[in-house]
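Pasting query-v4.csv here (CSV, N, CA and C atoms and all ligand atoms):
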chain,number,residue,atom,x,y,z
A,1,MET,N,-132.6,-67.4,-8.4
A,1,MET,CA,-133.9,-67.2,-7.9
A,1,MET,C,-134.9,-67.3,-9.0
A,2,SER,N,-136.0,-68.0,-8.8
A,2,SER,CA,-137.0,-68.2,-9.8
A,2,SER,C,-138.4,-67.9,-9.2
A,3,THR,N,-139.4,-67.7,-10.0
A,3,THR,CA,-140.7,-67.5,-9.5
A,3,THR,C,-141.6,-68.7,-9.7
A,4,ASN,N,-142.5,-69.0,-8.8
A,4,ASN,CA,-143.4,-70.1,-8.9
A,4,ASN,C,-144.7,-69.5,-9.5
A,5,ASN,N,-145.1,-68.4,-9.0
A,5,ASN,CA,-146.4,-67.8,-9.5
A,5,ASN,C,-146.2,-66.3,-9.3
A,6,ALA,N,-147.3,-65.5,-9.5
A,6,ALA,CA,-147.2,-64.1,-9.4
A,6,ALA,C,-146.7,-63.5,-8.1
A,7,GLN,N,-147.1,-64.2,-7.0
A,7,GLN,CA,-146.8,-63.7,-5.7
A,7,GLN,C,-145.5,-64.2,-5.1
A,8,ARG,N,-145.3,-65.5,-5.2
A,8,ARG,CA,-144.2,-66.1,-4.5
A,8,ARG,C,-142.9,-66.1,-5.3
A,9,ILE,N,-141.8,-65.9,-4.5
A,9,ILE,CA,-140.5,-65.8,-5.1
A,9,ILE,C,-139.6,-66.9,-4.4
A,10,TRP,N,-139.0,-67.7,-5.1
A,10,TRP,CA,-138.2,-68.8,-4.5
A,10,TRP,C,-137.1,-68.3,-3.7
A,11,VAL,N,-136.8,-68.9,-2.6
A,11,VAL,CA,-135.7,-68.5,-1.8
A,11,VAL,C,-134.7,-69.6,-1.7
A,12,ALA,N,-135.1,-70.8,-1.2
A,12,ALA,CA,-134.1,-71.9,-1.0
A,12,ALA,C,-134.9,-73.1,-0.6
A,13,ALA,N,-134.3,-74.3,-0.7
A,13,ALA,CA,-134.8,-75.5,-0.2
A,13,ALA,C,-134.7,-75.4,1.4
A,14,SER,N,-135.6,-76.0,2.1
A,14,SER,CA,-135.6,-75.9,3.5
A,14,SER,C,-134.3,-76.4,4.1
A,15,GLU,N,-133.7,-77.5,3.6
A,15,GLU,CA,-132.5,-78.1,4.1
A,15,GLU,C,-131.3,-77.1,4.0
A,16,HIS,N,-131.4,-76.1,3.2
A,16,HIS,CA,-130.3,-75.1,3.1
A,16,HIS,C,-130.4,-74.0,4.1
A,17,LEU,N,-131.3,-74.1,5.0
A,17,LEU,CA,-131.4,-73.0,6.0
A,17,LEU,C,-131.6,-73.7,7.4
A,18,ALA,N,-130.5,-74.0,8.0
A,18,ALA,CA,-130.5,-74.7,9.3
A,18,ALA,C,-130.9,-73.7,10.4
A,19,GLU,N,-131.2,-74.2,11.6
A,19,GLU,CA,-131.5,-73.3,12.7
A,19,GLU,C,-130.3,-72.4,13.0
A,20,GLY,N,-130.6,-71.1,13.1
A,20,GLY,CA,-129.6,-70.1,13.4
A,20,GLY,C,-128.8,-69.7,12.2
A,21,ALA,N,-129.0,-70.3,11.0
A,21,ALA,CA,-128.3,-69.9,9.8
A,21,ALA,C,-129.1,-68.8,9.0
A,22,TYR,N,-128.4,-68.1,8.1
A,22,TYR,CA,-129.1,-67.1,7.3
A,22,TYR,C,-128.6,-67.2,5.9
A,23,LEU,N,-129.5,-66.6,5.0
A,23,LEU,CA,-129.2,-66.5,3.6
A,23,LEU,C,-129.4,-65.0,3.2
A,24,ARG,N,-128.7,-64.6,2.2
A,24,ARG,CA,-129.0,-63.3,1.6
A,24,ARG,C,-129.7,-63.4,0.3
A,25,ALA,N,-130.5,-62.5,0.0
A,25,ALA,CA,-131.2,-62.5,-1.3
A,25,ALA,C,-131.4,-61.0,-1.7
A,26,ARG,N,-131.6,-60.8,-3.0
A,26,ARG,CA,-131.9,-59.5,-3.5
A,26,ARG,C,-133.2,-59.6,-4.3
A,27,ILE,N,-134.1,-58.7,-3.9
A,27,ILE,CA,-135.5,-58.7,-4.5
A,27,ILE,C,-135.9,-57.2,-4.9
A,28,GLY,N,-136.9,-57.1,-5.7
A,28,GLY,CA,-137.6,-55.9,-5.9
A,28,GLY,C,-138.6,-55.7,-4.8
A,29,TYR,N,-138.7,-54.5,-4.3
A,29,TYR,CA,-139.6,-54.3,-3.1
A,29,TYR,C,-140.1,-52.9,-3.1
A,30,ALA,N,-141.3,-52.7,-3.3
A,30,ALA,CA,-142.0,-51.4,-3.3
A,30,ALA,C,-141.2,-50.4,-4.2
A,31,GLY,N,-140.8,-50.9,-5.4
A,31,GLY,CA,-140.3,-50.0,-6.4
A,31,GLY,C,-138.8,-49.9,-6.4
A,32,GLU,N,-138.1,-50.5,-5.4
A,32,GLU,CA,-136.6,-50.5,-5.4
A,32,GLU,C,-136.0,-51.9,-5.2
A,33,THR,N,-134.8,-52.0,-5.5
A,33,THR,CA,-134.1,-53.3,-5.3
A,33,THR,C,-133.4,-53.3,-3.9
A,34,ILE,N,-133.7,-54.3,-3.1
A,34,ILE,CA,-133.2,-54.3,-1.8
A,34,ILE,C,-132.6,-55.7,-1.5
A,35,ASP,N,-131.7,-55.7,-0.5
A,35,ASP,CA,-131.1,-56.9,0.0
A,35,ASP,C,-131.8,-57.3,1.3
A,36,VAL,N,-132.0,-58.6,1.4
A,36,VAL,CA,-132.8,-59.2,2.4
A,36,VAL,C,-132.0,-60.3,3.1
A,37,VAL,N,-132.2,-60.5,4.4
A,37,VAL,CA,-131.7,-61.6,5.1
A,37,VAL,C,-132.8,-62.5,5.5
A,38,VAL,N,-132.7,-63.8,5.2
A,38,VAL,CA,-133.7,-64.8,5.5
A,38,VAL,C,-133.0,-65.8,6.5
A,39,PHE,N,-133.6,-66.1,7.6
A,39,PHE,CA,-133.0,-66.9,8.6
A,39,PHE,C,-134.0,-67.8,9.3
A,40,ARG,N,-133.5,-68.8,10.0
A,40,ARG,CA,-134.3,-69.7,10.8
A,40,ARG,C,-134.1,-69.4,12.2
A,41,PHE,N,-135.2,-69.2,13.0
A,41,PHE,CA,-135.1,-68.9,14.4
A,41,PHE,C,-136.2,-69.7,15.1
A,42,LYS,N,-135.8,-70.5,16.1
A,42,LYS,CA,-136.8,-71.3,16.8
A,42,LYS,C,-137.7,-72.1,15.8
A,43,GLY,N,-137.0,-72.6,14.7
A,43,GLY,CA,-137.7,-73.4,13.7
A,43,GLY,C,-138.4,-72.6,12.6
A,44,GLN,N,-138.6,-71.3,12.8
A,44,GLN,CA,-139.4,-70.5,11.9
A,44,GLN,C,-138.5,-69.7,11.0
A,45,CYS,N,-139.0,-69.7,9.7
A,45,CYS,CA,-138.3,-68.9,8.7
A,45,CYS,C,-138.8,-67.4,8.8
A,46,LEU,N,-137.9,-66.5,8.8
A,46,LEU,CA,-138.2,-65.1,8.9
A,46,LEU,C,-137.3,-64.3,8.0
A,47,ALA,N,-137.7,-63.1,7.6
A,47,ALA,CA,-136.9,-62.3,6.7
A,47,ALA,C,-137.1,-60.8,7.0
A,48,TYR,N,-136.0,-60.1,6.9
A,48,TYR,CA,-136.1,-58.6,7.0
A,48,TYR,C,-135.2,-58.0,5.9
A,49,ARG,N,-135.5,-56.8,5.6
A,49,ARG,CA,-134.6,-56.0,4.8
A,49,ARG,C,-133.3,-55.9,5.5
A,50,ASN,N,-132.2,-56.1,4.8
A,50,ASN,CA,-130.9,-56.1,5.4
A,50,ASN,C,-130.4,-54.6,5.6
A,51,LEU,N,-131.1,-53.9,6.4
A,51,LEU,CA,-130.8,-52.5,6.6
A,51,LEU,C,-131.0,-52.1,8.1
A,52,CYS,N,-129.9,-51.8,8.8
A,52,CYS,CA,-130.0,-51.4,10.2
A,52,CYS,C,-130.8,-50.1,10.3
A,53,VAL,N,-131.5,-49.9,11.4
A,53,VAL,CA,-132.2,-48.7,11.7
A,53,VAL,C,-131.3,-47.6,12.2
A,54,HIS,N,-130.1,-47.9,12.6
A,54,HIS,CA,-129.2,-46.9,13.2
A,54,HIS,C,-128.6,-46.1,12.1
A,55,MET,N,-128.0,-46.7,11.2
A,55,MET,CA,-127.4,-46.1,10.0
A,55,MET,C,-127.6,-47.0,8.8
A,56,PRO,N,-127.5,-46.5,7.6
A,56,PRO,CA,-127.8,-47.3,6.4
A,56,PRO,C,-126.7,-48.3,6.2
A,57,ARG,N,-126.6,-49.3,7.0
A,57,ARG,CA,-125.6,-50.4,6.9
A,57,ARG,C,-126.3,-51.7,7.0
A,58,GLU,N,-125.7,-52.7,6.3
A,58,GLU,CA,-126.3,-54.1,6.4
A,58,GLU,C,-125.9,-54.7,7.7
A,59,LEU,N,-126.8,-55.6,8.2
A,59,LEU,CA,-126.5,-56.2,9.5
A,59,LEU,C,-125.2,-56.9,9.5
A,60,ASP,N,-124.9,-57.6,8.4
A,60,ASP,CA,-123.6,-58.4,8.3
A,60,ASP,C,-122.5,-57.6,7.6
A,61,CYS,N,-122.5,-56.3,7.7
A,61,CYS,CA,-121.5,-55.5,7.0
A,61,CYS,C,-120.1,-55.7,7.5
A,62,GLU,N,-119.9,-56.0,8.8
A,62,GLU,CA,-118.6,-56.1,9.3
A,62,GLU,C,-118.2,-57.6,9.6
A,63,GLN,N,-119.2,-58.4,9.8
A,63,GLN,CA,-119.0,-59.8,10.1
A,63,GLN,C,-120.0,-60.6,9.3
A,64,ASP,N,-119.6,-61.8,9.0
A,64,ASP,CA,-120.6,-62.7,8.2
A,64,ASP,C,-121.5,-63.4,9.2
A,65,MET,N,-122.3,-62.6,10.0
A,65,MET,CA,-123.2,-63.1,10.9
A,65,MET,C,-124.3,-62.1,11.2
A,66,ILE,N,-125.5,-62.6,11.5
A,66,ILE,CA,-126.6,-61.6,11.9
A,66,ILE,C,-127.1,-61.8,13.3
A,67,PHE,N,-126.6,-62.9,14.0
A,67,PHE,CA,-127.1,-63.1,15.4
A,67,PHE,C,-126.0,-62.7,16.3
A,68,ASP,N,-126.4,-62.3,17.5
A,68,ASP,CA,-125.4,-62.0,18.6
A,68,ASP,C,-124.9,-63.4,19.2
A,69,ALA,N,-124.0,-63.3,20.2
A,69,ALA,CA,-123.3,-64.4,20.7
A,69,ALA,C,-124.3,-65.4,21.4
A,70,THR,N,-125.4,-64.9,21.9
A,70,THR,CA,-126.4,-65.8,22.5
A,70,THR,C,-127.3,-66.5,21.5
A,71,GLY,N,-127.3,-66.0,20.3
A,71,GLY,CA,-128.2,-66.6,19.3
A,71,GLY,C,-129.7,-66.2,19.5
A,72,GLN,N,-129.9,-65.3,20.4
A,72,GLN,CA,-131.3,-65.0,20.7
A,72,GLN,C,-131.7,-63.6,20.1
A,73,TYR,N,-130.8,-62.9,19.6
A,73,TYR,CA,-131.1,-61.6,19.0
A,73,TYR,C,-130.3,-61.4,17.7
A,74,LEU,N,-131.0,-60.7,16.8
A,74,LEU,CA,-130.3,-60.3,15.6
A,74,LEU,C,-129.4,-59.1,16.0
A,75,ARG,N,-128.2,-59.0,15.4
A,75,ARG,CA,-127.3,-58.0,15.8
A,75,ARG,C,-126.6,-57.4,14.6
A,76,CYS,N,-126.6,-56.0,14.6
A,76,CYS,CA,-125.9,-55.3,13.5
A,76,CYS,C,-124.4,-55.3,13.9
A,77,SER,N,-123.6,-55.8,12.9
A,77,SER,CA,-122.1,-55.9,13.2
A,77,SER,C,-121.4,-54.6,13.2
A,78,MET,N,-122.1,-53.5,12.8
A,78,MET,CA,-121.4,-52.2,12.7
A,78,MET,C,-121.2,-51.6,14.1
A,79,HIS,N,-122.3,-51.4,14.9
A,79,HIS,CA,-122.2,-50.9,16.2
A,79,HIS,C,-122.9,-51.7,17.3
A,80,GLY,N,-123.4,-52.8,16.9
A,80,GLY,CA,-123.9,-53.8,17.9
A,80,GLY,C,-125.4,-53.6,18.3
A,81,ILE,N,-126.1,-52.8,17.6
A,81,ILE,CA,-127.6,-52.8,18.0
A,81,ILE,C,-128.2,-54.1,17.8
A,82,VAL,N,-129.1,-54.5,18.7
A,82,VAL,CA,-129.7,-55.8,18.6
A,82,VAL,C,-131.2,-55.7,18.4
A,83,TYR,N,-131.8,-56.7,17.8
A,83,TYR,CA,-133.2,-56.8,17.4
A,83,TYR,C,-133.8,-58.1,17.9
A,84,ASP,N,-135.1,-58.0,18.2
A,84,ASP,CA,-135.9,-59.2,18.4
A,84,ASP,C,-136.1,-59.9,17.1
A,85,PRO,N,-135.6,-61.2,16.9
A,85,PRO,CA,-135.7,-61.9,15.6
A,85,PRO,C,-137.2,-62.1,15.2
A,86,LEU,N,-138.1,-62.2,16.1
A,86,LEU,CA,-139.5,-62.5,15.8
A,86,LEU,C,-140.3,-61.4,15.2
A,87,ASN,N,-139.9,-60.1,15.6
A,87,ASN,CA,-140.7,-59.0,15.1
A,87,ASN,C,-139.9,-57.9,14.6
A,88,GLY,N,-138.5,-58.0,14.7
A,88,GLY,CA,-137.6,-57.0,14.1
A,88,GLY,C,-137.5,-55.7,14.9
A,89,GLU,N,-138.1,-55.7,16.1
A,89,GLU,CA,-138.1,-54.5,17.0
A,89,GLU,C,-136.7,-54.4,17.6
A,90,CYS,N,-136.2,-53.1,17.6
A,90,CYS,CA,-134.9,-52.9,18.2
A,90,CYS,C,-135.0,-53.1,19.7
A,91,ALA,N,-134.0,-53.8,20.2
A,91,ALA,CA,-134.0,-54.1,21.6
A,91,ALA,C,-132.9,-53.3,22.3
A,92,SER,N,-132.2,-52.4,21.6
A,92,SER,CA,-131.2,-51.5,22.2
A,92,SER,C,-131.8,-50.1,22.4
A,93,GLU,N,-131.4,-49.5,23.5
A,93,GLU,CA,-132.0,-48.2,23.9
A,93,GLU,C,-131.8,-47.2,22.8
A,94,ILE,N,-130.7,-47.2,22.2
A,94,ILE,CA,-130.3,-46.1,21.2
A,94,ILE,C,-131.3,-46.0,20.1
A,95,CYS,N,-132.0,-47.0,19.7
A,95,CYS,CA,-132.9,-47.0,18.6
A,95,CYS,C,-134.3,-47.6,19.0
A,96,ALA,N,-134.6,-47.5,20.3
A,96,ALA,CA,-135.9,-48.0,20.8
A,96,ALA,C,-137.0,-47.5,20.0
A,97,GLY,N,-138.0,-48.3,19.7
A,97,GLY,CA,-139.2,-48.0,19.0
A,97,GLY,C,-139.1,-48.1,17.5
A,98,LYS,N,-137.8,-48.4,17.0
A,98,LYS,CA,-137.7,-48.6,15.6
A,98,LYS,C,-137.6,-50.1,15.3
A,99,LYS,N,-137.9,-50.5,14.1
A,99,LYS,CA,-137.8,-51.9,13.7
A,99,LYS,C,-137.4,-52.1,12.3
A,100,LEU,N,-136.8,-53.3,12.1
A,100,LEU,CA,-136.4,-53.7,10.8
A,100,LEU,C,-137.7,-53.9,9.9
A,101,THR,N,-137.5,-53.8,8.6
A,101,THR,CA,-138.6,-53.9,7.6
A,101,THR,C,-138.8,-55.4,7.4
A,102,PRO,N,-140.0,-56.0,7.8
A,102,PRO,CA,-140.2,-57.4,7.6
A,102,PRO,C,-140.6,-57.7,6.1
A,103,ILE,N,-140.1,-58.8,5.7
A,103,ILE,CA,-140.5,-59.3,4.3
A,103,ILE,C,-141.2,-60.7,4.6
A,104,ALA,N,-142.4,-60.8,4.1
A,104,ALA,CA,-143.2,-62.1,4.4
A,104,ALA,C,-142.6,-63.3,3.7
A,105,VAL,N,-142.4,-64.3,4.4
A,105,VAL,CA,-141.9,-65.6,3.8
A,105,VAL,C,-142.8,-66.7,4.3
A,106,VAL,N,-142.9,-67.7,3.5
A,106,VAL,CA,-143.6,-68.9,3.8
A,106,VAL,C,-142.7,-70.1,3.5
A,107,GLU,N,-142.9,-71.2,4.3
A,107,GLU,CA,-142.2,-72.4,4.0
A,107,GLU,C,-143.3,-73.5,3.8
A,108,ASP,N,-143.1,-74.3,2.7
A,108,ASP,CA,-144.0,-75.4,2.5
A,108,ASP,C,-143.2,-76.6,2.1
A,109,ALA,N,-143.8,-77.6,1.6
A,109,ALA,CA,-143.2,-78.9,1.3
A,109,ALA,C,-142.1,-78.7,0.3
A,110,ASP,N,-142.2,-77.7,-0.6
A,110,ASP,CA,-141.2,-77.5,-1.6
A,110,ASP,C,-140.0,-76.6,-1.2
A,111,GLY,N,-140.2,-75.9,-0.1
A,111,GLY,CA,-139.1,-75.0,0.4
A,111,GLY,C,-139.6,-73.7,0.9
A,112,ILE,N,-138.7,-72.7,0.8
A,112,ILE,CA,-138.9,-71.4,1.4
A,112,ILE,C,-139.1,-70.4,0.3
A,113,TRP,N,-140.1,-69.5,0.5
A,113,TRP,CA,-140.5,-68.5,-0.5
A,113,TRP,C,-140.8,-67.2,0.1
A,114,PHE,N,-140.4,-66.1,-0.7
A,114,PHE,CA,-141.0,-64.8,-0.3
A,114,PHE,C,-142.4,-64.8,-0.7
A,115,ASP,N,-143.3,-64.3,0.1
A,115,ASP,CA,-144.7,-64.3,-0.2
A,115,ASP,C,-145.2,-62.9,0.3
A,116,ASP,N,-144.7,-61.9,-0.3
A,116,ASP,CA,-145.0,-60.5,0.2
A,116,ASP,C,-145.5,-59.7,-1.0
A,117,ARG,N,-146.7,-59.1,-0.8
A,117,ARG,CA,-147.3,-58.4,-2.0
A,117,ARG,C,-146.5,-57.3,-2.5
A,118,LEU,N,-145.5,-56.8,-1.8
A,118,LEU,CA,-144.6,-55.7,-2.3
A,118,LEU,C,-143.4,-56.3,-3.0
A,119,ALA,N,-143.1,-57.6,-2.9
A,119,ALA,CA,-141.9,-58.2,-3.4
A,119,ALA,C,-142.0,-58.7,-4.8
A,120,ILE,N,-141.0,-58.5,-5.7
A,120,ILE,CA,-141.0,-59.1,-7.0
A,120,ILE,C,-139.6,-59.6,-7.2
A,121,SER,N,-139.4,-60.5,-8.1
A,121,SER,CA,-138.1,-61.0,-8.4
A,121,SER,C,-137.2,-59.9,-8.9
A,122,ALA,N,-136.0,-59.9,-8.5
A,122,ALA,CA,-135.0,-58.8,-8.9
A,122,ALA,C,-134.4,-59.1,-10.2
A,123,SER,N,-134.5,-60.3,-10.8
A,123,SER,CA,-133.9,-60.6,-12.0
A,123,SER,C,-134.6,-60.1,-13.2
B,1,LIG,S1,-125.2,-49.1,11.8
B,1,LIG,FE1,-126.1,-50.8,12.7
B,1,LIG,S2,-125.7,-50.5,14.8
B,1,LIG,FE2,-124.9,-48.7,13.9

So, in terms of structure tokens, how does the structure I just supplied come out?
Amino acid sequence: MSTNNAQRIWVAASEHLAEGAYLRARIGYAGETIDVVVFRFKGQCLAYRNLCVHMPRELDCEQDMIFDATGQYLRCSMHGIVYDPLNGECASEICAGKKLTPIAVVEDADGIWFDDRLAISAS
């Protein structure tokens, strides 16, 4: 992971993130080091802190996947809570009203970048 300027943190080339695929990254965020999942959904690159709202587990802690079988929801592999990929809101009754922590990303001609004022390179 390298930085392009003070705000943006390099994630990956666009061709390395196919529809429905995800990448993991580690960044500094608001004074701590966190793990993030970056994925492509309906063509859009999105990212959230990789931390379930139910218990402090990563979404892919039990399986190497973050989407449910339909591909329409993010799913924590620990107990199966699902989330709306577009806004991180929990779509399961048990954690209704809670949401994943979004990390701003942008995609341009050079690739995919974190572009979040609270994010810094973890290296
Ligand atoms: S820890 Fe994620 S669903 Fe329980």

Return as JSON lines the residues of chain A lying at most 6 Å from ligand LIG 1 (chain B), together with the closest atom-to-atom pair for each and the distance in Å to one decimal, counting only N, CA and C atoms and all ligand atoms, with rows in chain order and ascending residue number.
{"residue": "A:Cys52", "atom": "CA", "partner": "B:LIG1", "partner_atom": "FE1", "distance": 4.7}
{"residue": "A:Val53", "atom": "N", "partner": "B:LIG1", "partner_atom": "FE1", "distance": 5.6}
{"residue": "A:His54", "atom": "C", "partner": "B:LIG1", "partner_atom": "S1", "distance": 4.5}
{"residue": "A:Met55", "atom": "N", "partner": "B:LIG1", "partner_atom": "S1", "distance": 3.7}
{"residue": "A:Pro56", "atom": "N", "partner": "B:LIG1", "partner_atom": "S1", "distance": 5.4}
{"residue": "A:Arg57", "atom": "N", "partner": "B:LIG1", "partner_atom": "S1", "distance": 5.0}
{"residue": "A:Cys76", "atom": "CA", "partner": "B:LIG1", "partner_atom": "FE1", "distance": 4.6}
{"residue": "A:Ser77", "atom": "N", "partner": "B:LIG1", "partner_atom": "FE1", "distance": 5.6}
{"residue": "A:Met78", "atom": "C", "partner": "B:LIG1", "partner_atom": "S2", "distance": 4.7}
{"residue": "A:His79", "atom": "N", "partner": "B:LIG1", "partner_atom": "S2", "distance": 3.5}
{"residue": "A:Gly80", "atom": "N", "partner": "B:LIG1", "partner_atom": "S2", "distance": 3.9}
{"residue": "A:Ile81", "atom": "N", "partner": "B:LIG1", "partner_atom": "S2", "distance": 3.6}

Report as a PyMOL selection string all protein, DNA and RNA residues lying within 7 Å of Asp116 of chain A, evaluated on only C-alpha atoms, omitting residues in the same chain fewer than 5 positions from it.
chain A and resi 7+103-105

For a test of reading the model, state the distance in Å between atom N of Arg49 of chain A and atom N of Leu100 of chain A, rounded to one decimal.
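Between atom N of Arg49 of chain A and atom N of Leu100 of chain A the gap is 7.5 Å.
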
If you count only C-alpha atoms, which residues fall within 7 Å of segment 29-38 of chain A, apart from same-chain ones fewer than 3 positions away, as a PyMOL selection string?
chain A and resi 22-26+45-50+118-120+122

May I have the selected residues written with N, CA and C atoms, as an mmCIF file, keeping the file's coordinate frame?
data_model
loop_
_atom_site.group_PDB
_atom_site.id
_atom_site.type_symbol
_atom_site.label_atom_id
_atom_site.label_comp_id
_atom_site.auth_asym_id
_atom_site.auth_seq_id
_atom_site.Cartn_x
_atom_site.Cartn_y
_atom_site.Cartn_z
ATOM 1 N N TYR A 22 -128.400 -68.100 8.100
ATOM 2 C CA TYR A 22 -129.100 -67.100 7.300
ATOM 3 C C TYR A 22 -128.600 -67.200 5.900
ATOM 4 N N LEU A 23 -129.500 -66.600 5.000
ATOM 5 C CA LEU A 23 -129.200 -66.500 3.600
ATOM 6 C C LEU A 23 -129.400 -65.000 3.200
ATOM 7 N N ARG A 24 -128.700 -64.600 2.200
ATOM 8 C CA ARG A 24 -129.000 -63.300 1.600
ATOM 9 C C ARG A 24 -129.700 -63.400 0.300
ATOM 10 N N ALA A 25 -130.500 -62.500 0.000
ATOM 11 C CA ALA A 25 -131.200 -62.500 -1.300
ATOM 12 C C ALA A 25 -131.400 -61.000 -1.700
ATOM 13 N N ARG A 26 -131.600 -60.800 -3.000
ATOM 14 C CA ARG A 26 -131.900 -59.500 -3.500
ATOM 15 C C ARG A 26 -133.200 -59.600 -4.300
ATOM 16 N N CYS A 45 -139.000 -69.700 9.700
ATOM 17 C CA CYS A 45 -138.300 -68.900 8.700
ATOM 18 C C CYS A 45 -138.800 -67.400 8.800
ATOM 19 N N LEU A 46 -137.900 -66.500 8.800
ATOM 20 C CA LEU A 46 -138.200 -65.100 8.900
ATOM 21 C C LEU A 46 -137.300 -64.300 8.000
ATOM 22 N N ALA A 47 -137.700 -63.100 7.600
ATOM 23 C CA ALA A 47 -136.900 -62.300 6.700
ATOM 24 C C ALA A 47 -137.100 -60.800 7.000
ATOM 25 N N TYR A 48 -136.000 -60.100 6.900
ATOM 26 C CA TYR A 48 -136.100 -58.600 7.000
ATOM 27 C C TYR A 48 -135.200 -58.000 5.900
ATOM 28 N N ARG A 49 -135.500 -56.800 5.600
ATOM 29 C CA ARG A 49 -134.600 -56.000 4.800
ATOM 30 C C ARG A 49 -133.300 -55.900 5.500
ATOM 31 N N ASN A 50 -132.200 -56.100 4.800
ATOM 32 C CA ASN A 50 -130.900 -56.100 5.400
ATOM 33 C C ASN A 50 -130.400 -54.600 5.600
ATOM 34 N N LEU A 118 -145.500 -56.800 -1.800
ATOM 35 C CA LEU A 118 -144.600 -55.700 -2.300
ATOM 36 C C LEU A 118 -143.400 -56.300 -3.000
ATOM 37 N N ALA A 119 -143.100 -57.600 -2.900
ATOM 38 C CA ALA A 119 -141.900 -58.200 -3.400
ATOM 39 C C ALA A 119 -142.000 -58.700 -4.800
ATOM 40 N N ILE A 120 -141.000 -58.500 -5.700
ATOM 41 C CA ILE A 120 -141.000 -59.100 -7.000
ATOM 42 C C ILE A 120 -139.600 -59.600 -7.200
ATOM 43 N N ALA A 122 -136.000 -59.900 -8.500
ATOM 44 C CA ALA A 122 -135.000 -58.800 -8.900
ATOM 45 C C ALA A 122 -134.400 -59.100 -10.200
#

Excluding Gln72 of chain A and any residue of its chain fewer than 6 positions from it, enumerate the residues within 10 Å of it, using only C-alpha atoms, and give them as number ranges by chain.
A: 20, 41-42, 82-86

12 Å contact set for Asp110 of chain A, only C-alpha atoms, chain neighbours under 4 positions out, as a list in words:
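Near neighbours after the sequence-gap exclusion: Asn4, Trp10, Val11, Ala12, Ala13, Ser14, Glu15 and Val106 of chain A.
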
Write down as a PyMOL selection string the residues of chain A whose backbone DSSP state falls under strand (DSSP E).
chain A and resi 9-12+22-29+32-41+44-49+74-75+82-83+105-108+111-114+119-121

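The space separating atom CA of Ala91 of chain A from atom N of Cys61 of chain A comes to 18.2 Å.
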
Please identify the helix (DSSP H, G or I) residues within chain A (assignment by DSSP from backbone atoms) and present them as an MDAnalysis selection string.
chainID A and resid 14:16 93:95

Can I get the selection written as a PDB file, keeping the file's coordinate frame, with N, CA and C atoms?
ATOM      1  N   SER A  14    -135.600 -76.000   2.100  1.00  0.00           N
ATOM      2  CA  SER A  14    -135.600 -75.900   3.500  1.00  0.00           C
ATOM      3  C   SER A  14    -134.300 -76.400   4.100  1.00  0.00           C
ATOM      4  N   GLU A  15    -133.700 -77.500   3.600  1.00  0.00           N
ATOM      5  CA  GLU A  15    -132.500 -78.100   4.100  1.00  0.00           C
ATOM      6  C   GLU A  15    -131.300 -77.100   4.000  1.00  0.00           C
ATOM      7  N   HIS A  16    -131.400 -76.100   3.200  1.00  0.00           N
ATOM      8  CA  HIS A  16    -130.300 -75.100   3.100  1.00  0.00           C
ATOM      9  C   HIS A  16    -130.400 -74.000   4.100  1.00  0.00           C
ATOM     10  N   GLU A  93    -131.400 -49.500  23.500  1.00  0.00           N
ATOM     11  CA  GLU A  93    -132.000 -48.200  23.900  1.00  0.00           C
ATOM     12  C   GLU A  93    -131.800 -47.200  22.800  1.00  0.00           C
ATOM     13  N   ILE A  94    -130.700 -47.200  22.200  1.00  0.00           N
ATOM     14  CA  ILE A  94    -130.300 -46.100  21.200  1.00  0.00           C
ATOM     15  C   ILE A  94    -131.300 -46.000  20.100  1.00  0.00           C
ATOM     16  N   CYS A  95    -132.000 -47.000  19.700  1.00  0.00           N
ATOM     17  CA  CYS A  95    -132.900 -47.000  18.600  1.00  0.00           C
ATOM     18  C   CYS A  95    -134.300 -47.600  19.000  1.00  0.00           C
TER      19      CYS A  95
END

For Leu51 of chain A, the nearest of the candidates A:Phe114, A:Gly97, A:Glu107, A:Ile66, counting only C-alpha atoms:
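Looking at the shortest contact to Leu51 of chain A, the residue is A:Ile66.
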
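The closest residue to Ala21 of chain A, picked from A:Trp113, A:Phe67, A:Phe39, A:Tyr73 and counting only N, CA and C atoms, is A:Phe39.
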
In Å, how far is it from atom C of Lys98 of chain A to atom CA of Leu59 of chain A?
13.9 Å

Given only C-alpha atoms as the counted atoms, nearest of A:Leu17, A:Cys95, A:Leu74, A:Ile27 to Gly111 of chain A:
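So, comparing all the options, the nearest one is A:Leu17.
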